[in-house]
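Structure data follow from entry-v6.cif (mmCIF, C-alpha atoms and all ligand atoms):
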data_input
#
loop_
_atom_site.label_atom_id
_atom_site.label_comp_id
_atom_site.auth_asym_id
_atom_site.auth_seq_id
_atom_site.Cartn_x
_atom_site.Cartn_y
_atom_site.Cartn_z
CA MET A 1 0.00 0.00 0.00
CA THR A 2 1.46 3.35 -1.04
CA ASP A 3 2.14 5.95 1.65
CA LEU A 4 0.81 8.63 -0.71
CA LEU A 5 -2.64 7.64 0.58
CA ASP A 6 -3.85 7.94 4.17
CA SER A 7 -5.19 4.39 4.16
CA ALA A 8 -5.65 4.19 7.93
CA ARG A 9 -8.07 7.13 7.87
CA HIS A 10 -10.50 5.20 5.67
CA HIS A 11 -9.59 1.56 6.47
CA LEU A 12 -8.91 0.85 2.81
CA GLY A 13 -9.47 -2.81 2.04
CA ASP A 14 -11.49 -3.50 5.20
CA ALA A 15 -14.57 -5.57 4.36
CA ASP A 16 -16.97 -3.75 6.73
CA THR A 17 -15.86 -0.36 5.45
CA ILE A 18 -16.29 -1.47 1.84
CA ARG A 19 -19.86 -2.56 2.67
CA GLN A 20 -20.61 0.82 4.29
CA HIS A 21 -19.20 2.70 1.30
CA ARG A 22 -21.20 0.51 -1.09
CA ARG A 23 -24.40 1.26 0.79
CA ARG A 24 -23.68 4.98 0.78
CA LEU A 25 -23.05 4.90 -2.97
CA GLU A 26 -26.37 3.10 -3.50
CA ILE A 27 -28.30 5.61 -1.38
CA ASP A 28 -26.59 8.90 -2.30
CA GLY A 29 -25.03 8.10 -5.69
CA VAL A 30 -21.75 9.47 -4.32
CA VAL A 31 -19.11 8.58 -1.70
CA VAL A 32 -16.38 10.98 -0.56
CA LEU A 33 -13.22 9.65 1.15
CA ASP A 34 -12.06 12.92 2.62
CA ARG A 35 -8.33 13.70 2.66
CA LEU A 36 -7.35 10.30 1.26
CA LEU A 37 -4.37 11.85 -0.56
CA THR A 38 -1.73 13.00 1.90
CA PRO A 39 -0.49 16.63 1.84
CA LYS A 40 2.86 15.33 0.52
CA CYS A 41 1.07 13.55 -2.33
CA LEU A 42 -0.92 16.68 -3.21
CA GLN A 43 2.32 18.67 -3.36
CA LEU A 44 3.95 16.09 -5.66
CA VAL A 45 1.00 16.25 -8.06
CA LEU A 46 0.89 20.04 -7.97
CA ASP A 47 4.63 20.17 -8.73
CA GLU A 48 4.12 17.79 -11.66
CA VAL A 49 1.29 19.73 -13.29
CA ASP A 50 2.46 23.23 -12.35
CA GLY A 51 2.54 25.48 -15.42
CA ARG A 52 1.17 22.83 -17.75
CA GLU A 53 -2.16 24.52 -18.52
CA ASP A 54 -0.78 25.38 -21.96
CA ASP A 55 -0.17 21.69 -22.78
CA ALA A 56 -3.81 20.85 -22.13
CA PHE A 57 -6.52 20.26 -24.75
CA TYR A 58 -9.40 22.74 -24.51
CA ALA A 59 -12.41 21.51 -26.47
CA ASP A 60 -14.27 24.80 -25.81
CA SER A 61 -17.28 22.97 -27.04
CA SER A 62 -20.99 23.13 -26.59
CA HIS A 63 -22.89 19.88 -26.20
CA ASN A 64 -26.23 18.53 -24.98
CA VAL A 65 -26.54 16.87 -21.57
CA TYR A 66 -26.45 13.43 -23.24
CA LEU A 67 -23.12 14.15 -25.00
CA THR A 68 -24.74 13.16 -28.30
CA ASP A 69 -25.38 14.90 -31.62
CA GLY A 70 -29.00 15.61 -30.65
CA ASP A 71 -32.06 14.93 -32.79
CA PRO A 72 -32.79 17.10 -35.86
CA ASP A 73 -36.44 15.93 -35.79
CA LEU A 74 -36.96 17.74 -32.47
CA PRO A 75 -37.12 21.54 -32.00
CA ALA A 76 -33.91 23.43 -31.26
CA ASP A 77 -35.13 24.33 -27.76
CA HIS A 78 -35.90 20.71 -26.84
CA VAL A 79 -33.58 19.41 -24.08
CA VAL A 80 -32.20 16.82 -26.49
CA ASN A 81 -30.92 19.71 -28.62
CA ARG A 82 -30.22 22.40 -26.02
CA GLN A 83 -26.52 23.22 -25.77
CA VAL A 84 -24.42 23.85 -22.67
CA VAL A 85 -20.80 25.01 -22.61
CA SER A 86 -17.71 23.11 -21.48
CA SER A 87 -14.42 24.96 -21.58
CA LYS A 88 -12.06 23.09 -19.23
CA GLY A 89 -8.72 21.75 -20.45
CA LEU A 90 -7.25 18.33 -19.96
CA LEU A 91 -3.95 16.50 -19.88
CA ALA A 92 -4.33 12.95 -21.19
CA ASP A 93 -2.71 9.89 -19.65
CA ASP A 94 0.19 9.87 -22.13
CA GLN A 95 1.08 13.45 -21.11
CA LEU A 96 1.83 12.36 -17.54
CA ALA A 97 5.21 11.04 -16.39
CA GLU A 98 5.71 7.31 -15.96
CA THR A 99 6.93 8.14 -12.43
CA SER A 100 3.87 10.28 -11.61
CA ALA A 101 2.44 9.93 -8.10
CA LEU A 102 -0.93 9.65 -9.86
CA ARG A 103 0.17 6.34 -11.45
CA THR A 104 1.23 5.00 -8.06
CA ILE A 105 -2.26 5.78 -6.74
CA TYR A 106 -4.00 4.46 -9.85
CA ARG A 107 -2.13 1.14 -9.66
CA ASP A 108 -2.33 0.67 -5.92
CA PRO A 109 -3.82 -2.81 -5.39
CA THR A 110 -5.44 -1.99 -2.03
CA LEU A 111 -7.22 1.07 -3.41
CA ARG A 112 -8.28 -0.85 -6.51
CA ALA A 113 -9.70 -3.72 -4.46
CA HIS A 114 -11.53 -1.23 -2.24
CA LEU A 115 -13.05 0.54 -5.24
CA ALA A 116 -14.03 -2.73 -6.93
CA GLY A 117 -15.72 -3.85 -3.71
CA LEU A 118 -17.70 -0.68 -3.21
CA LEU A 119 -18.68 -0.58 -6.90
CA ASP A 120 -19.69 -4.23 -6.65
CA VAL A 121 -17.59 -5.42 -9.58
CA GLU A 122 -15.12 -8.29 -9.60
CA SER A 123 -12.09 -6.21 -10.55
CA LEU A 124 -11.12 -2.90 -12.13
CA HIS A 125 -8.99 -2.52 -15.25
CA PRO A 126 -7.22 0.37 -16.95
CA TYR A 127 -8.37 1.55 -20.38
CA ALA A 128 -6.70 -0.27 -23.28
CA ASP A 129 -5.63 3.03 -24.88
CA ASP A 130 -2.97 5.61 -24.08
CA VAL A 131 -5.21 8.59 -23.23
CA SER A 132 -8.11 7.62 -20.97
CA SER A 133 -6.92 6.07 -17.72
CA ILE A 134 -5.62 9.11 -15.82
CA ASN A 135 -6.64 12.66 -16.82
CA VAL A 136 -5.88 16.01 -15.24
CA HIS A 137 -8.52 18.72 -15.71
CA PHE A 138 -7.70 22.43 -15.55
CA HIS A 139 -10.40 25.06 -15.03
CA ARG A 140 -8.89 28.54 -15.34
CA ASP A 141 -10.77 31.74 -14.55
CA GLY A 142 -14.21 31.52 -16.18
CA GLU A 143 -13.88 27.90 -17.34
CA GLN A 144 -16.56 25.34 -16.56
CA LEU A 145 -18.01 21.93 -17.33
CA GLY A 146 -21.63 22.08 -18.51
CA TRP A 147 -24.50 19.85 -17.34
CA HIS A 148 -24.10 16.27 -18.58
CA TYR A 149 -24.48 12.58 -17.87
CA ASP A 150 -21.28 10.52 -18.00
CA ASN A 151 -20.89 7.74 -20.53
CA SER A 152 -19.26 5.52 -17.89
CA SER A 153 -21.33 4.09 -15.05
CA PHE A 154 -19.03 5.53 -12.36
CA ALA A 155 -16.27 8.11 -11.98
CA VAL A 156 -13.39 8.37 -9.50
CA THR A 157 -12.00 11.89 -9.07
CA THR A 158 -9.75 13.85 -6.73
CA LEU A 159 -9.61 17.61 -6.41
CA ILE A 160 -5.94 18.67 -6.30
CA GLN A 161 -6.36 22.43 -6.12
CA ALA A 162 -9.49 24.51 -5.53
CA PRO A 163 -10.06 27.86 -7.28
CA GLU A 164 -10.59 31.00 -5.22
CA THR A 165 -14.34 30.78 -5.78
CA GLY A 166 -16.69 28.87 -8.07
CA GLY A 167 -15.69 25.54 -9.57
CA THR A 168 -18.44 23.88 -7.53
CA PHE A 169 -19.58 20.36 -8.38
CA GLU A 170 -23.39 20.39 -8.64
CA TYR A 171 -25.59 17.37 -9.25
CA VAL A 172 -29.12 16.05 -9.33
CA PRO A 173 -29.17 12.45 -8.11
CA GLU A 174 -31.02 9.67 -9.92
CA ILE A 175 -32.61 11.79 -12.61
CA ARG A 176 -32.87 8.75 -14.87
CA SER A 177 -32.26 5.05 -14.51
CA SER A 178 -31.86 4.13 -18.15
CA GLY A 179 -28.19 4.97 -18.32
CA ARG A 180 -28.45 5.38 -22.08
CA GLY A 181 -30.23 7.20 -24.86
CA HIS A 182 -32.24 10.41 -24.91
CA GLY A 183 -34.72 9.49 -22.18
CA ASP A 184 -38.50 9.85 -22.04
CA ALA A 185 -40.89 12.78 -21.52
CA ALA A 186 -40.65 12.64 -17.72
CA GLU A 187 -36.88 12.70 -17.84
CA HIS A 188 -36.92 15.55 -20.40
CA ALA A 189 -39.13 17.59 -18.05
CA ARG A 190 -36.67 17.10 -15.18
CA VAL A 191 -33.67 18.01 -17.35
CA LYS A 192 -35.49 21.12 -18.59
CA ASP A 193 -36.15 22.18 -14.99
CA VAL A 194 -32.44 21.82 -14.19
CA LEU A 195 -31.33 23.79 -17.27
CA ASP A 196 -33.92 26.51 -16.53
CA GLN A 197 -32.90 26.59 -12.85
CA GLU A 198 -36.45 25.70 -11.81
CA ILE A 199 -35.39 23.09 -9.26
CA GLY A 200 -32.74 23.02 -6.57
CA VAL A 201 -29.58 21.02 -7.14
CA GLU A 202 -27.13 19.44 -4.72
CA GLN A 203 -23.66 20.87 -4.21
CA LEU A 204 -20.81 18.55 -3.26
CA GLY A 205 -18.47 20.21 -0.77
CA ILE A 206 -15.02 18.81 -1.48
CA SER A 207 -11.48 19.80 -0.52
CA PRO A 208 -8.13 18.97 -2.10
CA GLY A 209 -7.16 15.35 -1.41
CA ASP A 210 -10.73 14.03 -1.17
CA LEU A 211 -11.44 10.99 -3.35
CA VAL A 212 -14.94 11.09 -4.88
CA ILE A 213 -16.72 8.04 -6.29
CA PHE A 214 -19.75 9.16 -8.25
CA ARG A 215 -22.45 7.44 -10.32
CA GLY A 216 -22.57 9.94 -13.18
CA ARG A 217 -24.50 7.98 -15.78
CA ASP A 218 -27.89 8.57 -14.18
CA SER A 219 -27.16 11.77 -12.24
CA LEU A 220 -26.98 15.04 -14.13
CA HIS A 221 -23.95 17.05 -12.98
CA ARG A 222 -21.80 20.05 -13.82
CA VAL A 223 -18.92 22.19 -12.52
CA THR A 224 -19.73 25.91 -12.20
CA PRO A 225 -17.29 28.47 -13.67
CA SER A 226 -14.07 28.91 -11.70
CA ARG A 227 -13.21 32.42 -10.58
CA GLY A 228 -9.85 33.95 -9.70
CA ASP A 229 -6.19 33.43 -10.52
CA THR A 230 -5.91 29.95 -8.99
CA THR A 231 -6.65 27.18 -11.50
CA ARG A 232 -9.00 24.40 -10.38
CA VAL A 233 -7.03 21.14 -10.81
CA LEU A 234 -8.90 17.84 -10.70
CA VAL A 235 -7.78 14.29 -11.51
CA VAL A 236 -10.09 11.71 -13.08
CA PHE A 237 -9.11 8.07 -12.54
CA ALA A 238 -10.97 6.05 -15.18
CA PHE A 239 -11.43 2.29 -14.81
CA ASN A 240 -13.38 -0.45 -16.54
CA ALA A 241 -15.11 -3.46 -15.08
CA GLU A 242 -13.76 -5.49 -18.04
CA SER A 243 -10.28 -5.61 -19.52
CA GLY A 244 -9.47 -4.54 -23.07
CA VAL A 245 -11.92 -1.61 -23.32
CA ALA A 246 -10.58 1.26 -25.45
CA LEU A 247 -12.10 4.60 -26.39
CA SER A 248 -13.67 4.77 -29.86
CA ALA A 249 -11.97 6.95 -32.49
CA SER A 250 -14.85 9.45 -32.45
CA ALA A 251 -14.88 9.78 -28.65
CA ARG A 252 -11.11 10.18 -28.71
CA SER A 253 -11.42 12.99 -31.20
CA THR A 254 -14.22 14.70 -29.22
CA PHE A 255 -12.61 14.47 -25.79
CA TYR A 256 -8.88 14.58 -26.64
CA GLY A 257 -8.75 16.37 -30.00
CA ARG A 258 -6.62 13.74 -31.73
O1 LIG B 1 -14.56 18.16 -12.38
C1 LIG B 1 -15.35 17.46 -11.74
O2 LIG B 1 -15.48 17.59 -10.51
C2 LIG B 1 -16.24 16.46 -12.44
C3 LIG B 1 -15.71 16.00 -13.76
C4 LIG B 1 -16.74 15.31 -14.59
O3 LIG B 1 -17.92 15.34 -14.33
C5 LIG B 1 -16.33 14.57 -15.80
O4 LIG B 1 -15.12 14.58 -16.12
O5 LIG B 1 -17.21 13.96 -16.45
FE FE B 2 -19.02 13.94 -15.56
#

Can the structure from this file be put into structure tokens for me?
Amino acid sequence: MTDLLDSARHHLGDADTIRQHRRRLEIDGVVVLDRLLTPKCLQLVLDEVDGREDDAFYADSSHNVYLTDGDPDLPADHVVNRQVVSSKGLLADDQLAETSALRTIYRDPTLRAHLAGLLDVESLHPYADDVSSINVHFHRDGEQLGWHYDNSSFAVTTLIQAPETGGTFEYVPEIRSSGRGHGDAAEHARVKDVLDQEIGVEQLGISPGDLVIFRGRDSLHRVTPSRGDTTRVLVVFAFNAESGVALSASARSTFYGR
């Protein structure tokens, strides 16, 4: 077990703790292991990514909440066609050093077993491509991630550096249970209410070093615009329940620009 993680704080690998975390994920759709990354680890990651905002890929794209092309048979103001803005930048896996502290965390067998247990899958595997497994997101002043559902059934993230203000993770739990497609009329009505700010949304209070496990395929979520001179830095650790899964060429082009 790596000493970059405060494993004692969260009893990583302990069967009872895994059960508790699994239950919390089922009920809330999210589990936060606060301060799992040690201060030393956070400093190592900050040193590694310091000044690398210019190496990142900024899609500066608009998209619908489903991350699809929409439906030309529906009106432009239908939620399937309504566009939100995402402007954050990202460093892909192959832009990170082989010796990165993030790889040590990603490969740690105790953490992986803990995550597999709480996600109720047999084991977790890296992506079979050179871009997806570990990503670093930068949100500079004014940058944001618009409302969306994730393509993957779960996400594992860690905030490395918070902006001065903004950059808040907001979500609406369990807004659909299909996990795929453009949804039905009831789901469209709920999405419309979120986009029109007609219903309240949850805000996840997180600090640097917290590990977040989130079910993003059925919960609409976004990151509000960051404000100030301090860049929001967030790491996404992407896993698969099966081995050999690689990103499609079109998704690679959309999310990584190559
Ligand atoms: O930046 C975050 O906190 C969430 C990132 C996210 O939702 C995503 O990468 O799909
Ligand atoms: Fe997401």

Nearest candidate to Gln95 (chain A) (options A:Pro109, A:Ala155, A:Gly29, A:Tyr256; using only C-alpha atoms): A:Tyr256

Within 9 Å of ligand LIG 1 (chain B) (only C-alpha atoms and all ligand atoms), residues as a ChimeraX atom specification: /A:88,135,137-139,144-152,155,157-159,167-170,212,214,216,221-223,232-236

Interatomic distance, CA of Arg258 (chain A) to CA of Thr99 (chain A) (Å, one decimal):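 Between these atoms lies a distance of 24.2 Å.
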
For Gly166 (chain A), the nearest of the candidates A:Ala92, A:Arg227, A:Phe154, A:His125, counting all atoms listed in the file: A:Arg227

For ligand FE 2 (chain B), the nearest of the candidates A:Gln83, A:Gln43, A:Ser219, A:Gln20, counting all atoms listed in the file: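 Nearest candidate to ligand FE 2 (chain B) out of A:Gln83, A:Gln43, A:Ser219, A:Gln20: A:Ser219.
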
Neighbourhood query: residues within 9 Å of (-11.6, -4.5, -21.4), file coordinates, counting only C-alpha atoms; return as a short mmCIF file (atom, residue, chain, number, x, y, z; two decimals) with C-alpha atoms, keeping the file's coordinate frame.
data_model
loop_
_atom_site.label_atom_id
_atom_site.label_comp_id
_atom_site.auth_asym_id
_atom_site.auth_seq_id
_atom_site.Cartn_x
_atom_site.Cartn_y
_atom_site.Cartn_z
CA HIS A 125 -8.99 -2.52 -15.25
CA PRO A 126 -7.22 0.37 -16.95
CA TYR A 127 -8.37 1.55 -20.38
CA ALA A 128 -6.70 -0.27 -23.28
CA ASN A 240 -13.38 -0.45 -16.54
CA ALA A 241 -15.11 -3.46 -15.08
CA GLU A 242 -13.76 -5.49 -18.04
CA SER A 243 -10.28 -5.61 -19.52
CA GLY A 244 -9.47 -4.54 -23.07
CA VAL A 245 -11.92 -1.61 -23.32
CA ALA A 246 -10.58 1.26 -25.45
#

Spatial neighbours of Glu26 (chain A), 12 Å, all atoms listed in the file, chain gap at least 6 places, as number ranges by chain: A: 19-20, 118-120, 154, 173-174, 213-215

Distance of CA of Val136 (chain A) from CA of Val65 (chain A), expressed in Å to one decimal place: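 Taking CA of Val65 (chain A) as the start and CA of Val136 (chain A) as the end point, the length is 21.6 Å.
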
Shell around Pro72 (chain A) at 10 Å using all atoms listed in the file, local window under 4 positions removed, as an NGL selection string: :A and (76 or 80-81)

Residue with smallest distance to Ile105 (chain A) - pool A:Leu204, A:Phe237, A:Thr231, A:Asp55, counting only C-alpha atoms: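 Of A:Leu204, A:Phe237, A:Thr231, A:Asp55, the one nearest Ile105 (chain A), counting only C-alpha atoms, is A:Phe237.
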